[in-house]
>>> print(open('query-v8.pdb').read())   # PDB, C-alpha atoms and all ligand atoms
ATOM      1  CA  MET A  30     -31.587 -77.658 -42.388
ATOM      2  CA  LEU A  31     -29.482 -74.731 -43.511
ATOM      3  CA  LYS A  32     -30.589 -71.113 -43.333
ATOM      4  CA  ASN A  33     -30.052 -68.791 -46.273
ATOM      5  CA  GLY A  34     -26.567 -67.323 -46.137
ATOM      6  CA  ILE A  35     -22.943 -68.367 -45.937
ATOM      7  CA  THR A  36     -22.060 -71.838 -44.599
ATOM      8  CA  TYR A  37     -18.769 -72.988 -43.096
ATOM      9  CA  MET A  38     -18.867 -76.703 -43.872
ATOM     10  CA  HIS A  39     -16.258 -78.228 -41.544
ATOM     11  CA  GLU A  40     -15.730 -76.756 -38.087
ATOM     12  CA  HIS A  41     -15.600 -77.681 -34.404
ATOM     13  CA  THR A  42     -17.357 -75.255 -32.055
ATOM     14  CA  THR A  43     -15.768 -77.075 -29.148
ATOM     15  CA  ILE A  44     -13.486 -80.080 -29.407
ATOM     16  CA  ASP A  45     -11.102 -81.948 -27.131
ATOM     17  CA  LEU A  46      -8.272 -83.939 -28.697
ATOM     18  CA  SER A  47      -5.865 -82.835 -25.973
ATOM     19  CA  GLU A  48      -5.394 -86.285 -24.406
ATOM     20  CA  VAL A  49      -4.232 -88.046 -27.556
ATOM     21  CA  LYS A  50      -2.273 -85.070 -28.805
ATOM     22  CA  ASN A  51      -0.836 -84.468 -25.321
ATOM     23  CA  ASN A  52      -1.407 -80.764 -25.801
ATOM     24  CA  GLU A  53      -3.816 -78.528 -23.861
ATOM     25  CA  ASP A  54      -4.077 -76.212 -26.878
ATOM     26  CA  CYS A  55      -6.160 -78.944 -28.549
ATOM     27  CA  LYS A  56      -8.921 -78.469 -26.006
ATOM     28  CA  LEU A  57     -11.019 -75.770 -27.623
ATOM     29  CA  ASP A  58     -13.338 -74.774 -24.785
ATOM     30  CA  VAL A  59     -13.218 -70.990 -24.626
ATOM     31  CA  PHE A  60     -16.913 -70.188 -24.759
ATOM     32  CA  PRO A  61     -16.887 -66.345 -24.651
ATOM     33  CA  GLU A  62     -14.188 -66.105 -27.311
ATOM     34  CA  THR A  63     -16.026 -68.506 -29.594
ATOM     35  CA  VAL A  64     -19.289 -66.594 -29.146
ATOM     36  CA  ARG A  65     -17.483 -63.327 -29.908
ATOM     37  CA  GLU A  66     -16.093 -64.763 -33.148
ATOM     38  CA  PHE A  67     -19.365 -66.392 -34.174
ATOM     39  CA  LYS A  68     -21.174 -63.063 -33.666
ATOM     40  CA  LYS A  69     -18.593 -61.474 -35.937
ATOM     41  CA  LEU A  70     -19.229 -64.212 -38.513
ATOM     42  CA  TYR A  71     -22.938 -63.491 -38.295
ATOM     43  CA  SER A  72     -22.320 -59.805 -39.002
ATOM     44  CA  LYS A  73     -20.479 -60.863 -42.182
ATOM     45  CA  GLY A  74     -23.365 -62.964 -43.462
ATOM     46  CA  VAL A  75     -22.532 -66.402 -42.086
ATOM     47  CA  ARG A  76     -25.711 -68.221 -41.119
ATOM     48  CA  ASN A  77     -24.604 -71.845 -40.793
ATOM     49  CA  VAL A  78     -21.681 -73.735 -39.339
ATOM     50  CA  VAL A  79     -21.512 -77.489 -39.865
ATOM     51  CA  ASP A  80     -19.922 -78.881 -36.727
ATOM     52  CA  VAL A  81     -18.271 -82.211 -37.554
ATOM     53  CA  THR A  82     -17.297 -83.072 -33.979
ATOM     54  CA  ASN A  83     -18.531 -86.559 -33.134
ATOM     55  CA  PHE A  84     -18.251 -89.534 -30.750
ATOM     56  CA  GLY A  85     -15.065 -89.357 -28.682
ATOM     57  CA  MET A  86     -13.965 -85.887 -29.796
ATOM     58  CA  GLY A  87     -15.285 -84.037 -26.760
ATOM     59  CA  ARG A  88     -18.656 -83.316 -28.307
ATOM     60  CA  ASN A  89     -20.757 -81.086 -26.045
ATOM     61  CA  ILE A  90     -24.288 -80.509 -27.297
ATOM     62  CA  ASN A  91     -25.322 -78.071 -24.594
ATOM     63  CA  TYR A  92     -22.256 -75.895 -25.166
ATOM     64  CA  VAL A  93     -22.786 -75.792 -28.935
ATOM     65  CA  GLN A  94     -26.470 -74.972 -28.539
ATOM     66  CA  LYS A  95     -25.563 -72.054 -26.286
ATOM     67  CA  VAL A  96     -23.036 -70.742 -28.812
ATOM     68  CA  SER A  97     -25.748 -70.993 -31.451
ATOM     69  CA  ALA A  98     -28.331 -69.186 -29.316
ATOM     70  CA  GLU A  99     -25.962 -66.360 -28.344
ATOM     71  CA  SER A 100     -24.500 -65.812 -31.811
ATOM     72  CA  GLY A 101     -27.574 -66.421 -33.969
ATOM     73  CA  ILE A 102     -25.654 -68.921 -36.102
ATOM     74  CA  ASN A 103     -27.403 -72.140 -37.018
ATOM     75  CA  ILE A 104     -25.090 -75.007 -36.066
ATOM     76  CA  ILE A 105     -25.522 -78.406 -37.714
ATOM     77  CA  PHE A 106     -24.637 -81.470 -35.633
ATOM     78  CA  SER A 107     -22.949 -84.625 -36.878
ATOM     79  CA  THR A 108     -22.662 -88.279 -35.974
ATOM     80  CA  GLY A 109     -19.919 -90.815 -36.521
ATOM     81  CA  PHE A 110     -16.425 -91.797 -35.453
ATOM     82  CA  TYR A 111     -13.370 -89.773 -36.385
ATOM     83  CA  GLN A 112     -10.155 -91.677 -37.025
ATOM     84  CA  ASP A 113      -8.213 -94.651 -35.651
ATOM     85  CA  GLU A 114      -5.941 -92.721 -33.278
ATOM     86  CA  TYR A 115      -8.953 -91.109 -31.598
ATOM     87  CA  TYR A 116     -11.527 -93.905 -31.497
ATOM     88  CA  PRO A 117     -13.020 -94.731 -28.118
ATOM     89  CA  ILE A 118     -12.795 -98.437 -27.218
ATOM     90  CA  GLN A 119     -16.405 -99.103 -28.317
ATOM     91  CA  VAL A 120     -15.474 -98.523 -31.926
ATOM     92  CA  PHE A 121     -13.029-101.436 -31.800
ATOM     93  CA  ARG A 122     -15.399-103.695 -29.859
ATOM     94  CA  GLU A 123     -18.633-103.233 -31.765
ATOM     95  CA  SER A 124     -19.683-104.544 -35.175
ATOM     96  CA  LYS A 125     -20.351-102.303 -38.147
ATOM     97  CA  GLU A 126     -24.074-102.910 -37.593
ATOM     98  CA  GLN A 127     -23.829-101.749 -33.987
ATOM     99  CA  LEU A 128     -21.867 -98.663 -34.981
ATOM    100  CA  ALA A 129     -24.410 -97.917 -37.686
ATOM    101  CA  GLU A 130     -27.150 -98.268 -35.093
ATOM    102  CA  ARG A 131     -25.455 -95.633 -32.906
ATOM    103  CA  MET A 132     -25.355 -93.229 -35.851
ATOM    104  CA  ILE A 133     -28.941 -93.927 -36.871
ATOM    105  CA  ARG A 134     -30.109 -93.283 -33.309
ATOM    106  CA  GLU A 135     -28.305 -89.922 -33.249
ATOM    107  CA  ILE A 136     -29.963 -88.970 -36.530
ATOM    108  CA  MET A 137     -33.467 -90.193 -35.703
ATOM    109  CA  ASP A 138     -33.776 -89.672 -31.936
ATOM    110  CA  GLY A 139     -31.000 -87.318 -30.884
ATOM    111  CA  ILE A 140     -27.489 -87.228 -29.464
ATOM    112  CA  LYS A 141     -26.793 -88.403 -25.902
ATOM    113  CA  GLY A 142     -30.428 -88.127 -24.864
ATOM    114  CA  THR A 143     -30.716 -84.451 -25.784
ATOM    115  CA  GLY A 144     -33.213 -84.789 -28.607
ATOM    116  CA  VAL A 145     -30.780 -82.801 -30.772
ATOM    117  CA  ARG A 146     -30.512 -84.659 -34.058
ATOM    118  CA  ALA A 147     -27.438 -85.147 -36.205
ATOM    119  CA  GLU A 148     -27.914 -84.008 -39.800
ATOM    120  CA  ILE A 149     -24.676 -85.221 -41.330
ATOM    121  CA  ILE A 150     -22.516 -88.350 -40.976
ATOM    122  CA  GLY A 151     -18.857 -87.551 -40.276
ATOM    123  CA  GLU A 152     -16.231 -86.560 -40.058
ATOM    124  CA  ILE A 153     -15.156 -90.134 -40.664
ATOM    125  CA  GLY A 154     -11.509 -90.537 -41.515
ATOM    126  CA  THR A 155      -8.603 -92.525 -42.819
ATOM    127  CA  SER A 156      -5.032 -92.437 -41.510
ATOM    128  CA  TYR A 157      -2.012 -90.926 -43.215
ATOM    129  CA  ASN A 158      -1.415 -93.000 -46.352
ATOM    130  CA  LYS A 159      -3.315 -95.943 -44.912
ATOM    131  CA  TRP A 160      -6.792 -97.144 -44.158
ATOM    132  CA  THR A 161      -6.963 -99.298 -41.013
ATOM    133  CA  GLU A 162      -9.378-102.206 -40.566
ATOM    134  CA  THR A 163     -11.357-100.313 -37.934
ATOM    135  CA  GLU A 164     -11.573 -97.237 -40.155
ATOM    136  CA  LYS A 165     -12.927 -99.501 -42.918
ATOM    137  CA  LYS A 166     -15.553-100.792 -40.481
ATOM    138  CA  VAL A 167     -16.581 -97.232 -39.613
ATOM    139  CA  PHE A 168     -16.953 -96.353 -43.295
ATOM    140  CA  GLU A 169     -19.112 -99.446 -43.813
ATOM    141  CA  ALA A 170     -21.233 -98.439 -40.813
ATOM    142  CA  ALA A 171     -21.574 -94.935 -42.258
ATOM    143  CA  VAL A 172     -22.862 -96.370 -45.529
ATOM    144  CA  ILE A 173     -25.488 -98.378 -43.621
ATOM    145  CA  ALA A 174     -26.557 -95.253 -41.696
ATOM    146  CA  HIS A 175     -26.595 -93.205 -44.901
ATOM    147  CA  ARG A 176     -28.831 -95.742 -46.658
ATOM    148  CA  GLU A 177     -31.189 -95.855 -43.692
ATOM    149  CA  THR A 178     -31.466 -92.085 -43.158
ATOM    150  CA  GLY A 179     -30.456 -90.401 -46.422
ATOM    151  CA  LYS A 180     -28.067 -88.077 -44.576
ATOM    152  CA  PRO A 181     -24.928 -86.885 -46.386
ATOM    153  CA  ILE A 182     -21.424 -88.118 -45.502
ATOM    154  CA  THR A 183     -18.392 -85.912 -44.777
ATOM    155  CA  THR A 184     -14.920 -87.436 -44.582
ATOM    156  CA  HIS A 185     -11.511 -86.688 -43.148
ATOM    157  CA  THR A 186      -8.351 -87.462 -45.057
ATOM    158  CA  SER A 187      -5.012 -87.220 -43.254
ATOM    159  CA  ILE A 188      -3.064 -84.510 -45.111
ATOM    160  CA  GLY A 189      -5.265 -85.260 -48.105
ATOM    161  CA  THR A 190      -4.050 -88.852 -48.546
ATOM    162  CA  VAL A 191      -6.292 -91.864 -49.382
ATOM    163  CA  GLY A 192      -8.847 -89.542 -51.006
ATOM    164  CA  HIS A 193      -9.100 -91.535 -54.232
ATOM    165  CA  GLU A 194      -9.499 -94.760 -52.255
ATOM    166  CA  GLN A 195     -12.373 -93.191 -50.287
ATOM    167  CA  VAL A 196     -14.124 -92.223 -53.526
ATOM    168  CA  GLU A 197     -13.559 -95.712 -54.918
ATOM    169  CA  PHE A 198     -15.030 -97.238 -51.745
ATOM    170  CA  PHE A 199     -18.263 -95.211 -51.938
ATOM    171  CA  LYS A 200     -18.526 -95.895 -55.657
ATOM    172  CA  LYS A 201     -18.274 -99.648 -55.060
ATOM    173  CA  LYS A 202     -20.952 -99.400 -52.367
ATOM    174  CA  GLU A 203     -23.149 -97.601 -54.913
ATOM    175  CA  VAL A 204     -23.547 -94.564 -52.688
ATOM    176  CA  ASP A 205     -24.730 -91.485 -54.615
ATOM    177  CA  LEU A 206     -21.419 -89.604 -54.826
ATOM    178  CA  GLY A 207     -23.304 -86.318 -54.842
ATOM    179  CA  ARG A 208     -24.036 -86.989 -51.166
ATOM    180  CA  VAL A 209     -20.378 -87.421 -50.193
ATOM    181  CA  VAL A 210     -17.801 -84.740 -49.471
ATOM    182  CA  ILE A 211     -14.120 -85.650 -49.231
ATOM    183  CA  GLY A 212     -12.436 -83.487 -46.598
ATOM    184  CA  HIS A 213      -9.076 -81.707 -46.350
ATOM    185  CA  VAL A 214      -8.312 -82.154 -50.064
ATOM    186  CA  ASP A 215      -6.612 -78.747 -50.149
ATOM    187  CA  LEU A 216      -3.747 -80.312 -48.185
ATOM    188  CA  THR A 217      -2.775 -82.395 -51.226
ATOM    189  CA  GLY A 218      -1.609 -79.234 -52.986
ATOM    190  CA  ASP A 219      -2.437 -81.108 -56.193
ATOM    191  CA  ALA A 220      -5.258 -79.814 -58.407
ATOM    192  CA  ASP A 221      -5.102 -82.840 -60.718
ATOM    193  CA  TYR A 222      -5.519 -85.218 -57.776
ATOM    194  CA  ILE A 223      -8.600 -83.230 -56.714
ATOM    195  CA  LEU A 224     -10.032 -82.970 -60.225
ATOM    196  CA  LYS A 225      -9.846 -86.737 -60.581
ATOM    197  CA  MET A 226     -12.147 -87.025 -57.537
ATOM    198  CA  LEU A 227     -14.459 -84.291 -58.793
ATOM    199  CA  LYS A 228     -14.868 -86.071 -62.121
ATOM    200  CA  GLU A 229     -16.282 -89.058 -60.218
ATOM    201  CA  GLY A 230     -19.063 -86.824 -58.854
ATOM    202  CA  VAL A 231     -18.133 -86.261 -55.201
ATOM    203  CA  TYR A 232     -17.923 -82.910 -53.461
ATOM    204  CA  VAL A 233     -14.524 -81.826 -52.158
ATOM    205  CA  GLU A 234     -13.694 -79.570 -49.262
ATOM    206  CA  PHE A 235     -11.039 -76.881 -49.067
ATOM    207  CA  ASP A 236     -11.448 -76.797 -45.327
ATOM    208  CA  THR A 237      -8.061 -75.998 -43.839
ATOM    209  CA  ILE A 238      -7.944 -72.443 -45.142
ATOM    210  CA  GLY A 239      -5.333 -70.296 -43.438
ATOM    211  CA  LYS A 240      -3.238 -73.223 -42.222
ATOM    212  CA  GLU A 241      -0.185 -71.929 -44.020
ATOM    213  CA  SER A 242       2.226 -74.231 -42.204
ATOM    214  CA  TYR A 243       0.524 -77.175 -43.935
ATOM    215  CA  MET A 244      -0.225 -75.507 -47.276
ATOM    216  CA  PRO A 245       0.101 -71.889 -48.426
ATOM    217  CA  ASP A 246      -3.186 -70.183 -49.275
ATOM    218  CA  LYS A 247      -1.691 -69.099 -52.605
ATOM    219  CA  VAL A 248      -1.520 -72.779 -53.567
ATOM    220  CA  ARG A 249      -5.165 -73.181 -52.503
ATOM    221  CA  ALA A 250      -6.057 -70.203 -54.731
ATOM    222  CA  LYS A 251      -4.150 -71.624 -57.701
ATOM    223  CA  MET A 252      -5.860 -75.002 -57.313
ATOM    224  CA  LEU A 253      -9.289 -73.366 -57.148
ATOM    225  CA  LYS A 254      -8.476 -71.395 -60.301
ATOM    226  CA  LYS A 255      -7.721 -74.663 -62.076
ATOM    227  CA  ILE A 256     -10.912 -76.247 -60.747
ATOM    228  CA  GLN A 257     -12.899 -73.219 -61.895
ATOM    229  CA  GLU A 258     -11.356 -73.476 -65.377
ATOM    230  CA  ALA A 259     -12.252 -77.166 -65.522
ATOM    231  CA  GLY A 260     -15.853 -76.348 -64.609
ATOM    232  CA  TYR A 261     -16.100 -78.111 -61.246
ATOM    233  CA  ILE A 262     -16.551 -75.213 -58.786
ATOM    234  CA  ASP A 263     -20.133 -76.490 -58.232
ATOM    235  CA  HIS A 264     -18.744 -79.292 -56.074
ATOM    236  CA  VAL A 265     -16.343 -77.325 -53.868
ATOM    237  CA  LEU A 266     -17.049 -76.412 -50.231
ATOM    238  CA  LEU A 267     -15.035 -74.145 -47.908
ATOM    239  CA  SER A 268     -14.090 -74.023 -44.234
ATOM    240  CA  MET A 269     -11.196 -73.489 -41.814
ATOM    241  CA  ASP A 270     -11.322 -76.514 -39.473
ATOM    242  CA  ILE A 271     -10.518 -74.487 -36.369
ATOM    243  CA  THR A 272      -9.616 -76.921 -33.560
ATOM    244  CA  ARG A 273      -7.234 -75.110 -31.210
ATOM    245  CA  LYS A 274      -7.366 -72.210 -28.812
ATOM    246  CA  SER A 275      -4.356 -70.768 -30.639
ATOM    247  CA  HIS A 276      -6.406 -70.623 -33.863
ATOM    248  CA  LEU A 277      -8.656 -67.980 -32.309
ATOM    249  CA  GLU A 278      -8.131 -64.235 -32.451
ATOM    250  CA  TYR A 279      -7.708 -63.746 -28.696
ATOM    251  CA  LYS A 280      -4.591 -65.961 -28.837
ATOM    252  CA  GLY A 281      -3.233 -64.176 -31.884
ATOM    253  CA  GLY A 282      -4.568 -66.794 -34.312
ATOM    254  CA  LEU A 283      -6.330 -66.106 -37.596
ATOM    255  CA  GLY A 284      -9.855 -66.513 -36.244
ATOM    256  CA  TYR A 285     -12.943 -67.683 -38.114
ATOM    257  CA  SER A 286     -13.414 -64.425 -40.061
ATOM    258  CA  TYR A 287     -10.116 -64.886 -41.886
ATOM    259  CA  LEU A 288     -11.796 -66.956 -44.596
ATOM    260  CA  LEU A 289     -14.062 -64.039 -45.538
ATOM    261  CA  ASP A 290     -11.728 -61.134 -44.755
ATOM    262  CA  SER A 291      -8.495 -62.422 -46.292
ATOM    263  CA  PHE A 292      -8.932 -65.631 -48.252
ATOM    264  CA  ILE A 293     -11.837 -64.483 -50.456
ATOM    265  CA  PRO A 294      -9.980 -61.302 -51.534
ATOM    266  CA  LEU A 295      -6.974 -63.527 -52.329
ATOM    267  CA  LEU A 296      -9.210 -65.708 -54.520
ATOM    268  CA  GLU A 297     -10.493 -62.608 -56.318
ATOM    269  CA  SER A 298      -6.921 -61.550 -57.049
ATOM    270  CA  TYR A 299      -6.364 -64.976 -58.623
ATOM    271  CA  GLY A 300      -9.347 -64.598 -60.934
ATOM    272  CA  ILE A 301     -11.927 -66.601 -59.054
ATOM    273  CA  THR A 302     -15.229 -65.050 -60.097
ATOM    274  CA  SER A 303     -17.853 -63.654 -57.750
ATOM    275  CA  GLU A 304     -20.201 -66.298 -59.145
ATOM    276  CA  SER A 305     -17.795 -69.059 -58.094
ATOM    277  CA  ILE A 306     -17.355 -67.505 -54.659
ATOM    278  CA  GLU A 307     -21.104 -67.297 -54.150
ATOM    279  CA  LYS A 308     -21.400 -70.944 -55.115
ATOM    280  CA  MET A 309     -18.724 -72.170 -52.708
ATOM    281  CA  LEU A 310     -19.920 -70.079 -49.774
ATOM    282  CA  ILE A 311     -23.685 -70.176 -50.206
ATOM    283  CA  LYS A 312     -25.200 -72.307 -52.971
ATOM    284  CA  ASN A 313     -23.118 -75.492 -52.929
ATOM    285  CA  PRO A 314     -23.646 -76.184 -49.202
ATOM    286  CA  GLN A 315     -27.411 -75.757 -49.618
ATOM    287  CA  ILE A 316     -27.559 -78.193 -52.521
ATOM    288  CA  PHE A 317     -25.208 -80.685 -50.863
ATOM    289  CA  MET A 318     -27.062 -80.789 -47.540
ATOM    290  CA  LYS A 319     -30.491 -81.016 -49.156
ATOM    291  CA  GLY A 320     -29.578 -83.798 -51.574
TER     292      GLY A 320
HETATM  293 ZN    ZN B   1     -10.479 -83.622 -40.145
END
>>> encode(input="query-v8.pdb", output="structure tokens", more="lines below")
Ligand SMILES: [Zn+2]
Amino acid sequence: MLKNGITYMHEHTTIDLSEVKNNEDCKLDVFPETVREFKKLYSKGVRNVVDVTNFGMGRNINYVQKVSAESGINIIFSTGFYQDEYYPIQVFRESKEQLAERMIREIMDGIKGTGVRAEIIGEIGTSYNKWTETEKKVFEAAVIAHRETGKPITTHTSIGTVGHEQVEFFKKKEVDLGRVVIGHVDLTGDADYILKMLKEGVYVEFDTIGKESYMPDKVRAKMLKKIQEAGYIDHVLLSMDITRKSHLEYKGGLGYSYLLDSFIPLLESYGITSESIEKMLIKNPQIFMKG
């Protein structure tokens, strides 16, 4: 359940992808710095962070709960399996039914025996320009868990690729597309590609805001202007997908507040209306999560 206020829809309070990436920076485990930044977010009106860290990504329920308690921010937990390169061995060994069962248990009973329940399925992902067999199995498991629990689904696309195929998949499975958000679409840099998804009825996420080395924020602003003009701002969600120590302020990174302090003023300068901004930050997440 979301509280009234701003929601960041795709974040990782703590995450550890350092083994696969062979890079210690990808172990985000700096508790005091995260609390400091989350408190700052709270002071700017943020009330919810959807944490899409799941099985095999270094998920730490206790840690996240402490960040939530100290900062006052409501953190939503997720269930699922990320992407082929990061799957633990169980994901390859088990059937889609077994994987679905794991997700359902985390939604109904709690994660790792904590009693803390997942409220969203994801982030579940596809690879760069391809969709592996095991990733397909995970998506099928997610659909089973979604049908059983009614929880929404949040996806990962690698640099925005395979987005249309993901939409097509959910459509074929007759999943209500209003309960699905396709992630990282801002990395396509292509408003028409995104609009084609929006016209099918899914939500899309501009969730790598500030990652200028992948995509300049000016391009994100231009795409959002086009989406606003086409009348689809109602289905856009925002976030930063902070995953590294170097993304935080203490390391000279942008920090979580960048979205509100810098990106929103940029959007205003591009003619994104205050109504649209309120929708993306506050209203759309509420409607999406509630269903
Ligand atoms: Zn992702």
>>> residues_near_ligand(input="query-v8.pdb", ligand="ligand ZN 1 (chain B)", cutoff="9 Å", atoms="only C-alpha atoms and all ligand atoms", output="ChimeraX atom specification")
/A:39-40,81,111-112,152-154,184-188,212-213,236-237,270
>>> resolve_selection(input="query-v8.pdb", expression="the PyMOL selection byres (((chain A and resi 170) around 10) and not hetatm)", output="VMD selection string")
chain A and resid 109 to 110 124 to 133 164 to 169 171 to 176
>>> resolve_selection(input="query-v8.pdb", expression="the PyMOL selection byres (((chain A and resi 66-79) around 9) and not hetatm)", output="PyMOL selection string")
chain A and resi 31-42+61-65+80-81+96-97+99-107+149+277-278+284-286+289+310
>>> resolve_selection(input="query-v8.pdb", expression="the PyMOL selection byres (((chain A and resi 143) around 12) and not hetatm)", output="JSON, numbers by chain")
{"A": [89, 90, 91, 94, 106, 134, 135, 136, 137, 138, 139, 140, 141, 142, 144, 145, 146, 147]}
>>> closest_residue(input="query-v8.pdb", among="A:Val120, A:Ile306, A:Ile238, A:Val59", to="A:Lys280", atoms="only C-alpha atoms")
A:Val59
>>> atom_distance(input="query-v8.pdb", atom1="atom CA of A:Lys312", atom2="atom CA of A:Asp263")
8.4 Å
>>> closest_residue(input="query-v8.pdb", among="A:Thr183, A:Thr178, A:Asn52, A:Thr155", to="A:Thr82", atoms="all atoms listed in the file")
A:Thr183
>>> closest_residue(input="query-v8.pdb", among="A:Tyr279, A:Asp219, A:Trp160, A:Val49", to="A:Tyr116", atoms="all atoms listed in the file")
A:Val49
>>> atom_distance(input="query-v8.pdb", atom1="atom CA of A:Val265", atom2="atom CA of A:Glu297")
16.0 Å
>>> atom_distance(input="query-v8.pdb", atom1="atom CA of A:Asp215", atom2="atom CA of A:Glu234")
7.2 Å
>>> closest_residue(input="query-v8.pdb", among="A:Phe235, A:Tyr222, A:Phe84, A:Phe121", to="A:Leu288", atoms="all atoms listed in the file")
A:Phe235
>>> residues_around(input="query-v8.pdb", residues="A:Asp45", least_positions_apart="5", cutoff="7 Å", atoms="all atoms listed in the file", output="list of chain:residue names")
A:Cys55, A:Lys56, A:Leu57, A:Met86, A:Gly87
>>> residues_near_point(input="query-v8.pdb", point="(-5.4, -67.2, -42.8)", cutoff="8 Å", atoms="all atoms listed in the file", output="list in words")
Ile238, Gly239, Lys240, Glu241, Asp246, Leu283, Gly284, Tyr287, Leu288, Ser291 and Phe292 of chain A
>>> closest_residue(input="query-v8.pdb", among="A:Glu203, A:Asp290, A:Glu307, A:Glu53", to="A:Leu266", atoms="all atoms listed in the file")
A:Glu307
>>> residues_around(input="query-v8.pdb", residues="A:Val209", least_positions_apart="5", cutoff="7 Å", atoms="only C-alpha atoms", output="short mmCIF file (atom, residue, chain, number, x, y, z; two decimals) with C-alpha atoms, keeping the file's coordinate frame")
data_model
loop_
_atom_site.label_atom_id
_atom_site.label_comp_id
_atom_site.auth_asym_id
_atom_site.auth_seq_id
_atom_site.Cartn_x
_atom_site.Cartn_y
_atom_site.Cartn_z
CA PRO A 181 -24.93 -86.88 -46.39
CA ILE A 182 -21.42 -88.12 -45.50
CA THR A 183 -18.39 -85.91 -44.78
CA VAL A 231 -18.13 -86.26 -55.20
CA TYR A 232 -17.92 -82.91 -53.46
#
